[in-house]
Amino acid sequence: MKAVILCGGKGTRMSEVTNDIPKPLAMIGGKPILWHIMKIYQYYGVNEFILLLGYKGEKIKEYFLDYEWKHNSLTLDSSTGEVQMLGQPETWKITFLETGEDTLTAGRILQAKDYIGDETFLLTYGDGLANINLFHLISYHQTKGAAATVTGIDKVSQFGTLTVEDGIAKTFSEKTSSDGIINGGFFVLNPKVFDYLPEDGNAMFEDEPLKNLAKDGELAVYRHYGFWTAIDTYKNLLEVNKMWNQGQQVWKVW
């Protein structure tokens, strides 16, 4: 099963960092947010990733192309130029998909269609962390039989809210400010979801596609009651770094 990660936004609410790098590369404990997300997936046996790049996407490519030699001990034989890595390499297979700097989220996902194929896949945002049990999430998705499953979080927030009956979303409203079950990312999606994306890709996935999935009874909601956070601002970044430094790495399931 592949994990698709939205990495293309400009992160304007974190300009202290994102003037130089894309938000998924903002550091927590010396490693990018994106690395932490991928380690969560890896813990549950997911090693194949499709990164949907946009703003400063080349920085993400550079990070992973340099990853092994920067993060492992190595032996260099200067007479031959041979380099031997001494650490344990990651087993990731990563597709870096350039989806356009200004493309909306539905358009980014649509561009991954040919790389995903006919299989169920995972999707999340490049700025969210949780101690979510992906085995339970996938099993729940299979049980409900809907085209899509979203992780629902209880929170007062500006994020999209859902009304839920018997584990299926009845409505989806994006960016309201009220108590409710919000879109926490960490989706499981069937290829049927592509039928809900406009052909020109000119839509936010969180707008009409999710609303229409809910209207058709095709959006299941997996309730997660553990730790979850969206790193939306520089203040959020400072908060999760404080947690990391104090040993409160709640999302570190690996």
# chains A, B, ... in the order shown; residues from 1 in each chain; ligands from 1

$ residues_around --residues "stretch 103-119 of chain A" --least-positions-apart "5" --cutoff "8 Å" --atoms "only C-alpha atoms" --output "number ranges by chain"
A: 1-2, 6, 50, 52, 54, 97, 190-191, 194, 197-198, 200-206, 209

$ residues_around --residues "A:Gly145" --least-positions-apart "6" --cutoff "12 Å" --atoms "only C-alpha atoms" --output "PyMOL selection string"
chain A and resi 120+138-139+167-168+188-190+192+217-221

$ write_last_selection --atoms "C-alpha atoms" --output "mmCIF file, in the first residue's frame"
data_model
loop_
_atom_site.group_PDB
_atom_site.id
_atom_site.type_symbol
_atom_site.label_atom_id
_atom_site.label_comp_id
_atom_site.auth_asym_id
_atom_site.auth_seq_id
_atom_site.Cartn_x
_atom_site.Cartn_y
_atom_site.Cartn_z
ATOM 1 C CA THR A 120 -6.382 1.365 -2.136
ATOM 2 C CA ILE A 138 -7.195 0.460 7.437
ATOM 3 C CA SER A 139 -9.281 -2.290 9.018
ATOM 4 C CA GLY A 167 -19.324 5.925 11.289
ATOM 5 C CA ILE A 168 -20.346 7.518 7.981
ATOM 6 C CA VAL A 188 -7.622 5.678 3.363
ATOM 7 C CA LEU A 189 -8.911 6.006 -0.202
ATOM 8 C CA ASN A 190 -10.155 3.664 -2.903
ATOM 9 C CA LYS A 192 -13.205 5.405 -6.786
ATOM 10 C CA GLY A 217 -22.535 8.074 1.839
ATOM 11 C CA GLU A 218 -19.023 7.281 0.612
ATOM 12 C CA LEU A 219 -17.022 8.997 3.389
ATOM 13 C CA ALA A 220 -16.397 6.922 6.500
ATOM 14 C CA VAL A 221 -14.994 8.566 9.637
#

$ closest_atom_pairs --of "stretch 30-102 of chain A" --to "stretch 224-236 of chain A" --cutoff "12 Å" --atoms "only C-alpha atoms" --output "tab-separated table"
residue	atom	partner	partner_atom	distance
A:Pro32	CA	A:Ile231	CA	11.7
A:Ile33	CA	A:Ile231	CA	8.7
A:Leu34	CA	A:Ile231	CA	11.3
A:Ile37	CA	A:Ala230	CA	11.6

$ write_last_selection --atoms "all heavy atoms" --output "JSON list (two decimals), in the first residue's frame"
[["chain", "number", "residue", "atom", "x", "y", "z"],
["A", 32, "PRO", "N", 12.96, 16.75, 9.64],
["A", 32, "PRO", "CA", 11.78, 17.43, 9.08],
["A", 32, "PRO", "C", 10.46, 16.81, 9.53],
["A", 32, "PRO", "O", 10.40, 15.61, 9.84],
["A", 32, "PRO", "CB", 11.96, 17.27, 7.57],
["A", 32, "PRO", "CG", 13.40, 16.93, 7.36],
["A", 32, "PRO", "CD", 13.81, 16.19, 8.59],
["A", 33, "ILE", "N", 9.41, 17.63, 9.55],
["A", 33, "ILE", "CA", 8.07, 17.11, 9.81],
["A", 33, "ILE", "C", 7.80, 15.91, 8.91],
["A", 33, "ILE", "O", 7.27, 14.88, 9.35],
["A", 33, "ILE", "CB", 7.00, 18.19, 9.55],
["A", 33, "ILE", "CG1", 7.21, 19.42, 10.43],
["A", 33, "ILE", "CG2", 5.59, 17.62, 9.75],
["A", 33, "ILE", "CD1", 6.33, 20.61, 10.04],
["A", 34, "LEU", "N", 8.16, 16.03, 7.64],
["A", 34, "LEU", "CA", 7.91, 14.98, 6.66],
["A", 34, "LEU", "C", 8.57, 13.67, 7.07],
["A", 34, "LEU", "O", 7.99, 12.58, 6.92],
["A", 34, "LEU", "CB", 8.42, 15.44, 5.29],
["A", 34, "LEU", "CG", 8.23, 14.48, 4.12],
["A", 34, "LEU", "CD1", 6.77, 14.09, 3.93],
["A", 34, "LEU", "CD2", 8.80, 15.11, 2.84],
["A", 37, "ILE", "N", 6.48, 12.00, 9.72],
["A", 37, "ILE", "CA", 5.28, 11.40, 9.14],
["A", 37, "ILE", "C", 5.63, 10.08, 8.47],
["A", 37, "ILE", "O", 4.94, 9.06, 8.64],
["A", 37, "ILE", "CB", 4.63, 12.37, 8.13],
["A", 37, "ILE", "CG1", 4.11, 13.62, 8.84],
["A", 37, "ILE", "CG2", 3.48, 11.67, 7.37],
["A", 37, "ILE", "CD1", 3.71, 14.74, 7.91]]

$ closest_residue --among "A:Leu129, A:Ala214, A:Ile40, A:Leu86" --to "A:Ser73" --atoms "only C-alpha atoms"
A:Leu86

$ select_by_dssp --residues "stretch 31-201 of chain A" --states "alpha helix (DSSP H)" --output "PyMOL selection string"
chain A and resi 33-43+57-65+67-71+105-111+113-116+134-144

$ closest_residue --among "A:Val253, A:Leu238, A:Val46, A:Leu51" --to "A:Met27" --atoms "only C-alpha atoms"
A:Leu238

$ select_by_dssp --residues "stretch 11-71 of chain A" --states "strand (DSSP E or B)" --output "PyMOL selection string"
chain A and resi 27-28+31-32+48-53
